[in-house]
Amino acid sequence: MEIINESSSSAAVKKPGMSAGGKLLIGVTGGIGIGLSVVCASFVAPAFRKFCLPYVPATTEQIQNVLQFLPKNASGKLLDIGSGDGRIVVAAAKHVRSLKTDGVELNPWLVYYSRLAALRDGVSTQSRFFRRDLWKFSIKDYNYVVIFGVEQMMLDLEHKLIAECSHNAKIIACRFPLPHLQPERTIEDGVNTVWFYDLSKQSQAAAHRETIKLGKLFEN
């Protein structure tokens, strides 16, 4: 009868364990994967909203066209709606040192990047960036509003601008015009075209405000 050595048999079938290096590699790879998923989710999530405002950096030409509508002696506050990486806000702050410039953006990573860009370019005390839903963000205190929108959202943006902005606010629209308001000036430059609106000269804006006031009176 063959005698089997139990201890030697167990050693023969025992599989070697994973090395510490292998476990570390798996942990690092998993951490990177989770990190990438979190970052990517911030860019993909807007696509599931009613209006998708994709991150498309403003071109050098678009920035220069926007700045043409900001006089060197401009004062007050400027807001960039959907400010992305903050390049419009930073450029406006450098162009007009007397102007307070803000950006509102939903993507947290772009907001962090924008704040770093403002710090790097020496305008961090002049510029602010808010991580907010643009539809819930109040724009009533701004003298200049810059918009890089998509065609599907311009009508709703027009309603928000007319309802909330002061009567003498200036609107600078890029890529797509506002559907009903008449621009005071237009820089025709293909995809870099910019439309400039002065709400103080818009009869439709005034009529819309009166309608809102009447509606509030009836509510009361």
# chains A, B, ... in the order shown; residues from 1 in each chain; ligands from 1
>>> closest_atom_pairs(of="segment 121-212 of chain A", to="segment 87-109 of chain A", cutoff="6 Å", atoms="only C-alpha atoms", output="CSV")
residue,atom,partner,partner_atom,distance
A:Gln126,CA,A:Lys100,CA,5.4
A:Ser127,CA,A:Thr101,CA,4.8
A:Arg128,CA,A:Asp102,CA,4.7
A:Phe129,CA,A:Gly103,CA,4.7
A:Phe130,CA,A:Val104,CA,4.8
A:Arg131,CA,A:Leu106,CA,5.0
A:Arg132,CA,A:Leu106,CA,5.3
A:Asp133,CA,A:Leu106,CA,5.8
>>> closest_atom_pairs(of="segment 36-142 of chain A", to="segment 179-188 of chain A", cutoff="10 Å", atoms="only C-alpha atoms", output="Markdown table")
| residue | atom | partner | partner_atom | distance |
| --- | --- | --- | --- | --- |
| A:Gln62 | CA | A:Ile187 | CA | 9.9 |
| A:Asn65 | CA | A:Ile187 | CA | 7.0 |
| A:Val66 | CA | A:Ile187 | CA | 9.2 |
| A:Gln68 | CA | A:Ile187 | CA | 9.2 |
| A:Phe69 | CA | A:Arg185 | CA | 9.1 |
>>> residues_around(residues="Ile172 of chain A", least_positions_apart="6", cutoff="10 Å", atoms="only C-alpha atoms", output="number ranges by chain")
A: 65-67, 69-70, 80, 144-148, 178, 183, 185-186, 194-198
>>> atom_distance(atom1="atom CA of Ile81 of chain A", atom2="atom CA of Leu134 of chain A")
6.8 Å
>>> residues_around(residues="Ser200 of chain A", least_positions_apart="6", cutoff="9 Å", atoms="only C-alpha atoms", output="ChimeraX atom specification")
/A:166-170,206
>>> write_last_selection(atoms="N, CA, C and O atoms", output="PDB file, in the first residue's frame")
ATOM      1  N   SER A 166     -30.932  94.204 -15.317  1.00  0.00           N
ATOM      2  CA  SER A 166     -31.334  95.606 -15.198  1.00  0.00           C
ATOM      3  C   SER A 166     -31.665  96.157 -16.583  1.00  0.00           C
ATOM      4  O   SER A 166     -31.232  95.603 -17.601  1.00  0.00           O
ATOM      5  N   HIS A 167     -32.396  97.259 -16.623  1.00  0.00           N
ATOM      6  CA  HIS A 167     -32.897  97.775 -17.910  1.00  0.00           C
ATOM      7  C   HIS A 167     -31.776  98.255 -18.829  1.00  0.00           C
ATOM      8  O   HIS A 167     -31.971  98.370 -20.037  1.00  0.00           O
ATOM      9  N   ASN A 168     -30.593  98.545 -18.261  1.00  0.00           N
ATOM     10  CA  ASN A 168     -29.490  99.032 -19.100  1.00  0.00           C
ATOM     11  C   ASN A 168     -28.348  98.024 -19.240  1.00  0.00           C
ATOM     12  O   ASN A 168     -27.228  98.388 -19.591  1.00  0.00           O
ATOM     13  N   ALA A 169     -28.639  96.760 -18.959  1.00  0.00           N
ATOM     14  CA  ALA A 169     -27.616  95.721 -19.070  1.00  0.00           C
ATOM     15  C   ALA A 169     -27.218  95.502 -20.529  1.00  0.00           C
ATOM     16  O   ALA A 169     -28.015  95.696 -21.447  1.00  0.00           O
ATOM     17  N   LYS A 170     -25.974  95.103 -20.711  1.00  0.00           N
ATOM     18  CA  LYS A 170     -25.446  94.809 -22.044  1.00  0.00           C
ATOM     19  C   LYS A 170     -25.224  93.303 -22.153  1.00  0.00           C
ATOM     20  O   LYS A 170     -24.630  92.688 -21.251  1.00  0.00           O
ATOM     21  N   ALA A 206     -38.682  95.873 -22.588  1.00  0.00           N
ATOM     22  CA  ALA A 206     -39.486  96.742 -21.736  1.00  0.00           C
ATOM     23  C   ALA A 206     -40.911  96.216 -21.622  1.00  0.00           C
ATOM     24  O   ALA A 206     -41.498  96.192 -20.532  1.00  0.00           O
TER      25      ALA A 206
END
>>> closest_residue(among="A:Ala117, A:Cys165, A:Leu155, A:Ala173", to="Gly82 of chain A", atoms="only C-alpha atoms")
A:Ala173
>>> residues_around(residues="Tyr55 of chain A", least_positions_apart="5", cutoff="9 Å", atoms="only C-alpha atoms", output="list in words")
Phe43, Gly82, Ser83, Gly84 and Asp85 of chain A
>>> write_last_selection(atoms="N, CA, C and O atoms", output="tab-separated table (two decimals), in the first residue's frame")
chain	number	residue	atom	x	y	z
A	43	PHE	N	-18.21	65.86	-16.75
A	43	PHE	CA	-18.34	66.34	-18.12
A	43	PHE	C	-19.52	65.68	-18.85
A	43	PHE	O	-20.10	66.27	-19.73
A	82	GLY	N	-21.92	79.92	-18.10
A	82	GLY	CA	-21.26	78.72	-18.60
A	82	GLY	C	-19.80	79.04	-18.88
A	82	GLY	O	-19.33	78.92	-20.01
A	83	SER	N	-19.08	79.46	-17.83
A	83	SER	CA	-17.75	80.06	-18.00
A	83	SER	C	-16.64	79.07	-18.33
A	83	SER	O	-15.51	79.48	-18.63
A	84	GLY	N	-16.92	77.75	-18.29
A	84	GLY	CA	-15.93	76.77	-18.72
A	84	GLY	C	-14.63	76.89	-17.96
A	84	GLY	O	-14.61	76.88	-16.72
A	85	ASP	N	-13.53	77.05	-18.69
A	85	ASP	CA	-12.21	77.13	-18.04
A	85	ASP	C	-11.85	78.55	-17.63
A	85	ASP	O	-10.71	78.80	-17.22
>>> atom_distance(atom1="atom CA of Asp121 of chain A", atom2="atom CA of Asp189 of chain A")
27.6 Å
>>> select_by_dssp(residues="segment 48-112 of chain A", states="helix (DSSP H, G or I)", output="list in words")
Phe48, Thr60, Glu61, Gln62, Ile63, Gln64, Asn65, Val66, Leu67, Arg87, Ile88, Val89, Val90, Ala91, Ala92, Ala93, Lys94, His95, Pro108, Trp109, Leu110, Val111 and Tyr112 of chain A
>>> atom_distance(atom1="atom CA of Val56 of chain A", atom2="atom CA of Leu119 of chain A")
22.0 Å
